[in-house]
Amino acid sequence: MSDWTQNLQKTRYVMDTLLLISFMMVSAPQTTGVPLHEWLSLLFVVPFAIHLLLHWDWIKQSLRRFSAKISAKERFSLVWNYLLYVVMLLATVSGFLVSVALLPAMSISFEIQDFWSKIHHDSATLIMPMLGIHLALHWSWIVNLTKRMGKRAPAQ
Amino acid sequence: MKYLQYQWKTRLVVVLLISIGVSILLMGLDVTPWAQQINLRGYSHGADEGEGPNIPSFLLYVLPFVKELILIGIPLLLTLLWLKLTQVIGRAR
Ligand code: HEM
Ligand code: HEM
């Protein structure tokens, strides 16, 4: 493989792959067991934050682009990314509020509400189709980069 | 890694502060009538301890991923189809 660290798109590709894999691990608590699920979710903050840092410029411009003249697809993607962000936070927050291993291990305990159990289940399930649409909106990028990953590209 | 390292500390602090802020707002859902209604009604799912479904045990480890692939994959394919269709229609016009 060529040196992906020297190329922004390839850096994103590697980090996005890690993000997808860690998301799929986090979303399978029946496989990992709940305690491991909780610790993995805490770790998941890292690839997630990296995803946002690598799109810093997009985020910075995004608020201004709401009122700019952009295509319907771009506008949809804009709104979708914000929704995805909120639902992802909702899953994380509700996860902490139904924690049975991580917070108790830190000697934090409180009564778990049925409301947050339902929200955790519903929001975590909702992210999956939302992610499918997120990926579809970037499909040509994904196909392109998959082809380019093996090749040596001029640094940019 | 040079793209990741560029001003990462300030940016990470901003991302975290905003996320924590939004999270605290989301925790406020706690006091809404909607939450109280769900708490009153109660919520449970899945089988009780020891009452697992009657299927080969390896499937228990594989099925969550099958569920993910379907829940991610089908909306993905439908969106691709939609994008393709609107493209074709747009070109024909
Ligand atoms: C959880 C798994 C996720 C995966 C696998 C994923 C994957 C991707 C991919 C492949 C791209 C296009 C390539 C790129 O420029 O890096 C992308 C772009 C982007 N994603 Fe995600 N993403 C995920 C979650 C999220 C979430 C939760 C948000 C919301 C905060 C988000 C916000 C963005 C933004 C702002 C862009 C750039 C948008 C653009 O250029 O139009 N992603 N993502
Ligand atoms: C992005 C973040 C997260 C995602 C996508 C996620 C996803 C899931 C999913 C899909 C389930 C299965 C729910 C069900 O079938 O009812 C689950 C259960 C659970 N999660 Fe998370 N989770 C996340 C974060 C967290 C965090 C941060 C914690 C705690 C620190 C946590 C604690 C739990 C617990 C205790 C359960 C079992 C309770 C139950 O089944 O209702 N999760 N999670």
# chains A, B, ... in the order shown; residues from 1 in each chain; ligands from 1
call {"tool": "residues_around", "arguments": {"residues": "region 135-151 of chain A", "least_positions_apart": "4", "cutoff": "8 Å", "atoms": "only C-alpha atoms", "output": "ChimeraX atom specification"}}
result
/A:1-2,4,9-10,13,77,131 /B:76-77,79-80
call {"tool": "write_last_selection", "arguments": {"atoms": "C-alpha atoms", "output": "PDB file, in the first residue's frame"}}
result
ATOM      1  CA  MET A   1       0.000   0.000   0.000  1.00  0.00           C
ATOM      2  CA  SER A   2       1.204   3.486  -0.746  1.00  0.00           C
ATOM      3  CA  TRP A   4      -1.685   6.834   3.097  1.00  0.00           C
ATOM      4  CA  GLN A   9      -8.350  11.348   1.237  1.00  0.00           C
ATOM      5  CA  LYS A  10      -6.446   8.169   2.015  1.00  0.00           C
ATOM      6  CA  TYR A  13     -10.362   6.185   3.998  1.00  0.00           C
ATOM      7  CA  SER A  77     -26.565  15.443   3.162  1.00  0.00           C
ATOM      8  CA  LEU A 131     -25.624   5.166   8.419  1.00  0.00           C
TER       9      LEU A 131
ATOM     10  CA  LEU B  76     -27.923   1.985   1.405  1.00  0.00           C
ATOM     11  CA  LEU B  77     -29.076   0.100  -1.711  1.00  0.00           C
ATOM     12  CA  THR B  79     -30.690   5.273  -1.607  1.00  0.00           C
ATOM     13  CA  LEU B  80     -28.302   4.314  -4.414  1.00  0.00           C
TER      14      LEU B  80
END
call {"tool": "residues_around", "arguments": {"residues": "Leu18 (chain A)", "least_positions_apart": "4", "cutoff": "8 Å", "atoms": "only C-alpha atoms", "output": "compact mmCIF listing (two decimals) with N, CA, C and O atoms, in the first residue's frame"}}
result
# COMPACT_ATOMS: atom_id res chain seq x y z
N VAL A 14 -8.74 5.25 5.54
CA VAL A 14 -8.30 4.32 6.58
C VAL A 14 -9.09 4.54 7.87
O VAL A 14 -9.59 3.60 8.49
N SER A 22 -15.41 -0.39 14.07
CA SER A 22 -15.70 -0.23 15.50
C SER A 22 -17.19 0.00 15.73
O SER A 22 -17.74 -0.46 16.72
N PRO A 47 -12.42 6.93 17.26
CA PRO A 47 -12.62 7.01 15.81
C PRO A 47 -13.71 8.00 15.42
O PRO A 47 -13.64 8.62 14.35
call {"tool": "residues_near_ligand", "arguments": {"ligand": "ligand 2", "cutoff": "6 Å", "atoms": "only C-alpha atoms and all ligand atoms", "output": "PDB file with N, CA and C atoms, in the first residue's frame"}}
result
ATOM      1  N   VAL A  26     -19.463  -2.211  18.256  1.00  0.00           N
ATOM      2  CA  VAL A  26     -20.239  -1.579  19.329  1.00  0.00           C
ATOM      3  C   VAL A  26     -21.723  -1.934  19.206  1.00  0.00           C
ATOM      4  N   SER A  27     -22.201  -2.099  17.974  1.00  0.00           N
ATOM      5  CA  SER A  27     -23.626  -2.346  17.770  1.00  0.00           C
ATOM      6  C   SER A  27     -24.022  -3.801  17.948  1.00  0.00           C
ATOM      7  N   ALA A  28     -23.098  -4.636  18.405  1.00  0.00           N
ATOM      8  CA  ALA A  28     -23.429  -6.052  18.591  1.00  0.00           C
ATOM      9  C   ALA A  28     -23.175  -6.492  20.028  1.00  0.00           C
ATOM     10  N   PRO A  29     -23.896  -5.885  20.990  1.00  0.00           N
ATOM     11  CA  PRO A  29     -23.640  -6.248  22.398  1.00  0.00           C
ATOM     12  C   PRO A  29     -23.987  -7.690  22.718  1.00  0.00           C
ATOM     13  N   VAL A  34     -22.452  -7.438  27.375  1.00  0.00           N
ATOM     14  CA  VAL A  34     -22.720  -6.041  27.707  1.00  0.00           C
ATOM     15  C   VAL A  34     -21.521  -5.305  28.336  1.00  0.00           C
ATOM     16  N   GLU A  38     -19.849  -1.861  26.759  1.00  0.00           N
ATOM     17  CA  GLU A  38     -19.744  -0.542  27.382  1.00  0.00           C
ATOM     18  C   GLU A  38     -18.339   0.037  27.248  1.00  0.00           C
ATOM     19  N   SER A  41     -17.708   1.025  23.655  1.00  0.00           N
ATOM     20  CA  SER A  41     -18.409   2.257  23.302  1.00  0.00           C
ATOM     21  C   SER A  41     -17.616   3.479  23.745  1.00  0.00           C
ATOM     22  N   LEU A  42     -16.966   3.339  24.897  1.00  0.00           N
ATOM     23  CA  LEU A  42     -16.142   4.440  25.390  1.00  0.00           C
ATOM     24  C   LEU A  42     -14.982   4.679  24.427  1.00  0.00           C
ATOM     25  N   MET A  88     -26.432   9.932  17.236  1.00  0.00           N
ATOM     26  CA  MET A  88     -25.250   9.263  17.781  1.00  0.00           C
ATOM     27  C   MET A  88     -25.018   9.695  19.231  1.00  0.00           C
ATOM     28  N   ALA A  91     -27.610   8.030  21.475  1.00  0.00           N
ATOM     29  CA  ALA A  91     -27.282   6.637  21.778  1.00  0.00           C
ATOM     30  C   ALA A  91     -26.196   6.578  22.851  1.00  0.00           C
ATOM     31  N   THR A  92     -25.200   7.450  22.738  1.00  0.00           N
ATOM     32  CA  THR A  92     -24.100   7.430  23.702  1.00  0.00           C
ATOM     33  C   THR A  92     -24.582   7.854  25.091  1.00  0.00           C
ATOM     34  N   GLY A  95     -26.758   5.344  26.562  1.00  0.00           N
ATOM     35  CA  GLY A  95     -25.922   4.195  26.933  1.00  0.00           C
ATOM     36  C   GLY A  95     -25.351   4.357  28.325  1.00  0.00           C
ATOM     37  N   PHE A  96     -24.809   5.552  28.598  1.00  0.00           N
ATOM     38  CA  PHE A  96     -24.271   5.799  29.937  1.00  0.00           C
ATOM     39  C   PHE A  96     -25.367   5.700  30.988  1.00  0.00           C
ATOM     40  N   VAL A  98     -27.885   3.794  31.042  1.00  0.00           N
ATOM     41  CA  VAL A  98     -28.349   2.435  31.334  1.00  0.00           C
ATOM     42  C   VAL A  98     -27.164   1.525  31.661  1.00  0.00           C
ATOM     43  N   SER A  99     -26.005   2.140  31.927  1.00  0.00           N
ATOM     44  CA  SER A  99     -24.786   1.362  32.166  1.00  0.00           C
ATOM     45  C   SER A  99     -24.927   0.432  33.368  1.00  0.00           C
ATOM     46  N   VAL A 100     -24.522  -0.826  33.180  1.00  0.00           N
ATOM     47  CA  VAL A 100     -24.553  -1.765  34.304  1.00  0.00           C
ATOM     48  C   VAL A 100     -23.143  -2.221  34.671  1.00  0.00           C
ATOM     49  N   LEU A 102     -19.809  -0.183  33.360  1.00  0.00           N
ATOM     50  CA  LEU A 102     -18.788   0.864  33.317  1.00  0.00           C
ATOM     51  C   LEU A 102     -18.936   1.869  34.451  1.00  0.00           C
ATOM     52  N   SER A 117     -33.664   3.001  28.657  1.00  0.00           N
ATOM     53  CA  SER A 117     -33.451   1.698  28.011  1.00  0.00           C
ATOM     54  C   SER A 117     -34.085   1.693  26.636  1.00  0.00           C
ATOM     55  N   HIS A 121     -32.102   1.525  23.014  1.00  0.00           N
ATOM     56  CA  HIS A 121     -32.404   0.516  22.003  1.00  0.00           C
ATOM     57  C   HIS A 121     -32.853   1.175  20.694  1.00  0.00           C
ATOM     58  N   ALA A 124     -30.009   3.380  18.976  1.00  0.00           N
ATOM     59  CA  ALA A 124     -28.931   2.545  18.425  1.00  0.00           C
ATOM     60  C   ALA A 124     -29.417   1.830  17.167  1.00  0.00           C
ATOM     61  N   THR A 125     -30.679   1.417  17.155  1.00  0.00           N
ATOM     62  CA  THR A 125     -31.211   0.729  15.979  1.00  0.00           C
ATOM     63  C   THR A 125     -31.414   1.710  14.827  1.00  0.00           C
TER      64      THR A 125
END
call {"tool": "interface_residues", "arguments": {"of": "chain B", "to": "chain A", "cutoff": "8 Å", "atoms": "only C-alpha atoms", "output": "PyMOL selection string"}}
result
chain B and resi 1-4+8+11-12+15+19+22-23+26-27+30+35-36+38-39+42-44+60-62+64-65+68+71-77+79-80
call {"tool": "write_last_selection", "arguments": {"atoms": "N, CA, C and O atoms", "output": "short mmCIF file (atom, residue, chain, number, x, y, z; two decimals), in the first residue's frame"}}
result
data_model
loop_
_atom_site.label_atom_id
_atom_site.label_comp_id
_atom_site.auth_asym_id
_atom_site.auth_seq_id
_atom_site.Cartn_x
_atom_site.Cartn_y
_atom_site.Cartn_z
N MET B 1 -0.29 10.80 9.16
CA MET B 1 -1.04 11.35 10.29
C MET B 1 -1.04 12.87 10.30
O MET B 1 -1.62 13.49 11.18
N LYS B 2 -0.34 13.49 9.36
CA LYS B 2 -0.17 14.94 9.47
C LYS B 2 -1.51 15.68 9.41
O LYS B 2 -1.67 16.72 10.03
N TYR B 3 -2.48 15.10 8.69
CA TYR B 3 -3.77 15.78 8.59
C TYR B 3 -4.55 15.69 9.89
O TYR B 3 -5.31 16.57 10.26
N LEU B 4 -4.33 14.58 10.58
CA LEU B 4 -5.03 14.37 11.83
C LEU B 4 -4.43 15.25 12.92
O LEU B 4 -5.12 15.75 13.81
N TRP B 8 -4.93 19.59 16.34
CA TRP B 8 -5.90 18.62 16.85
C TRP B 8 -6.37 18.94 18.26
O TRP B 8 -7.50 18.63 18.62
N ARG B 11 -9.11 21.67 18.26
CA ARG B 11 -10.30 21.16 17.59
C ARG B 11 -10.99 20.10 18.41
O ARG B 11 -12.23 20.08 18.51
N LEU B 12 -10.21 19.22 19.03
CA LEU B 12 -10.80 18.16 19.84
C LEU B 12 -11.55 18.77 21.02
O LEU B 12 -12.67 18.35 21.35
N VAL B 15 -14.85 20.11 19.71
CA VAL B 15 -15.79 19.02 19.42
C VAL B 15 -16.34 18.42 20.71
O VAL B 15 -17.55 18.19 20.85
N SER B 19 -20.18 18.55 22.06
CA SER B 19 -20.87 17.28 22.24
C SER B 19 -21.38 17.12 23.67
O SER B 19 -22.49 16.63 23.89
N VAL B 22 -24.47 19.37 24.03
CA VAL B 22 -25.68 18.78 23.43
C VAL B 22 -26.14 17.58 24.26
O VAL B 22 -27.35 17.39 24.47
N SER B 23 -25.19 16.80 24.77
CA SER B 23 -25.56 15.64 25.58
C SER B 23 -26.33 16.05 26.82
O SER B 23 -27.32 15.40 27.20
N LEU B 26 -29.74 16.79 25.87
CA LEU B 26 -30.49 15.57 25.61
C LEU B 26 -30.92 14.89 26.90
O LEU B 26 -32.01 14.31 26.98
N MET B 27 -30.08 15.00 27.95
CA MET B 27 -30.44 14.38 29.22
C MET B 27 -31.69 15.04 29.80
O MET B 27 -32.40 14.43 30.61
N ASP B 30 -35.35 13.56 30.07
CA ASP B 30 -35.75 12.91 31.29
C ASP B 30 -37.06 13.43 31.89
O ASP B 30 -37.89 12.66 32.38
N ALA B 35 -41.16 10.96 28.48
CA ALA B 35 -40.34 10.05 29.27
C ALA B 35 -41.15 9.45 30.42
O ALA B 35 -41.08 8.24 30.68
N GLN B 36 -41.93 10.31 31.07
CA GLN B 36 -42.70 9.81 32.22
C GLN B 36 -43.70 8.75 31.80
O GLN B 36 -43.91 7.76 32.50
N ILE B 38 -43.37 6.66 29.26
CA ILE B 38 -42.68 5.39 29.00
C ILE B 38 -42.26 4.74 30.31
O ILE B 38 -42.37 3.52 30.48
N ASN B 39 -41.82 5.54 31.27
CA ASN B 39 -41.44 4.98 32.56
C ASN B 39 -42.62 4.33 33.26
O ASN B 39 -42.48 3.28 33.90
N GLY B 42 -43.48 1.09 31.47
CA GLY B 42 -42.45 0.06 31.62
C GLY B 42 -41.96 -0.39 30.25
O GLY B 42 -42.62 -0.20 29.25
N TYR B 43 -40.74 -0.93 30.22
CA TYR B 43 -40.17 -1.36 28.96
C TYR B 43 -39.29 -2.57 29.23
O TYR B 43 -38.46 -2.56 30.13
N SER B 44 -39.52 -3.61 28.46
CA SER B 44 -38.60 -4.74 28.56
C SER B 44 -38.53 -5.39 27.20
O SER B 44 -39.43 -5.27 26.38
N LEU B 60 -26.09 -17.20 17.68
CA LEU B 60 -26.30 -16.08 18.60
C LEU B 60 -25.21 -15.03 18.42
O LEU B 60 -25.42 -13.85 18.65
N TYR B 61 -24.01 -15.49 18.00
CA TYR B 61 -22.91 -14.54 17.82
C TYR B 61 -22.92 -13.90 16.44
O TYR B 61 -22.43 -12.81 16.24
N VAL B 62 -23.50 -14.62 15.47
CA VAL B 62 -23.47 -14.15 14.09
C VAL B 62 -24.68 -13.26 13.77
O VAL B 62 -24.56 -12.26 13.06
N PRO B 64 -26.42 -10.88 15.30
CA PRO B 64 -26.36 -9.42 15.45
C PRO B 64 -25.71 -8.75 14.25
O PRO B 64 -26.13 -7.68 13.82
N PHE B 65 -24.69 -9.38 13.68
CA PHE B 65 -24.02 -8.78 12.52
C PHE B 65 -24.87 -8.89 11.27
O PHE B 65 -24.87 -8.00 10.43
N GLU B 68 -27.22 -6.10 11.51
CA GLU B 68 -26.58 -4.84 11.15
C GLU B 68 -26.43 -4.70 9.64
O GLU B 68 -26.75 -3.65 9.08
N LEU B 71 -29.81 -3.94 8.18
CA LEU B 71 -30.33 -2.61 8.53
C LEU B 71 -29.49 -1.48 7.93
O LEU B 71 -29.98 -0.38 7.71
N ILE B 72 -28.21 -1.74 7.69
CA ILE B 72 -27.38 -0.73 7.02
C ILE B 72 -27.49 -0.88 5.51
O ILE B 72 -27.65 0.09 4.78
N GLY B 73 -27.44 -2.14 5.05
CA GLY B 73 -27.33 -2.41 3.62
C GLY B 73 -28.56 -2.07 2.80
O GLY B 73 -28.44 -1.51 1.71
N ILE B 74 -29.74 -2.38 3.32
CA ILE B 74 -30.94 -2.16 2.51
C ILE B 74 -31.21 -0.66 2.30
O ILE B 74 -31.41 -0.23 1.17
N PRO B 75 -31.17 0.16 3.35
CA PRO B 75 -31.31 1.60 3.10
C PRO B 75 -30.23 2.13 2.17
O PRO B 75 -30.48 3.01 1.34
N LEU B 76 -29.02 1.56 2.28
CA LEU B 76 -27.92 1.99 1.40
C LEU B 76 -28.29 1.71 -0.05
O LEU B 76 -28.23 2.59 -0.91
N LEU B 77 -28.72 0.47 -0.33
CA LEU B 77 -29.08 0.10 -1.71
C LEU B 77 -30.26 0.92 -2.22
O LEU B 77 -30.25 1.39 -3.37
N THR B 79 -31.13 3.91 -1.33
CA THR B 79 -30.69 5.27 -1.61
C THR B 79 -29.92 5.34 -2.92
O THR B 79 -30.10 6.26 -3.72
N LEU B 80 -29.05 4.34 -3.16
CA LEU B 80 -28.30 4.31 -4.41
C LEU B 80 -29.26 4.23 -5.61
O LEU B 80 -29.09 4.93 -6.61
#
call {"tool": "atom_distance", "arguments": {"atom1": "CA of Ser62 (chain A)", "atom2": "atom 33 (C, counted along the ligand's line) of ligand 1"}}
result
10.9 Å
call {"tool": "atom_distance", "arguments": {"atom1": "CA of Asp16 (chain A)", "atom2": "atom 41 (O, counted along the ligand's line) of ligand 1"}}
result
13.6 Å
call {"tool": "atom_distance", "arguments": {"atom1": "CA of Pro104 (chain A)", "atom2": "CA of Leu17 (chain B)"}}
result
24.5 Å
call {"tool": "select_by_dssp", "arguments": {"residues": "chain B", "states": "alpha helix (DSSP H)", "output": "PyMOL selection string"}}
result
chain B and resi 2-5+8-27+33-41+57-92
call {"tool": "closest_residue", "arguments": {"among": "B:Thr32, B:Ile18, B:Trp82, B:Tyr6", "to": "ligand 1", "atoms": "only C-alpha atoms and all ligand atoms"}}
result
B:Ile18
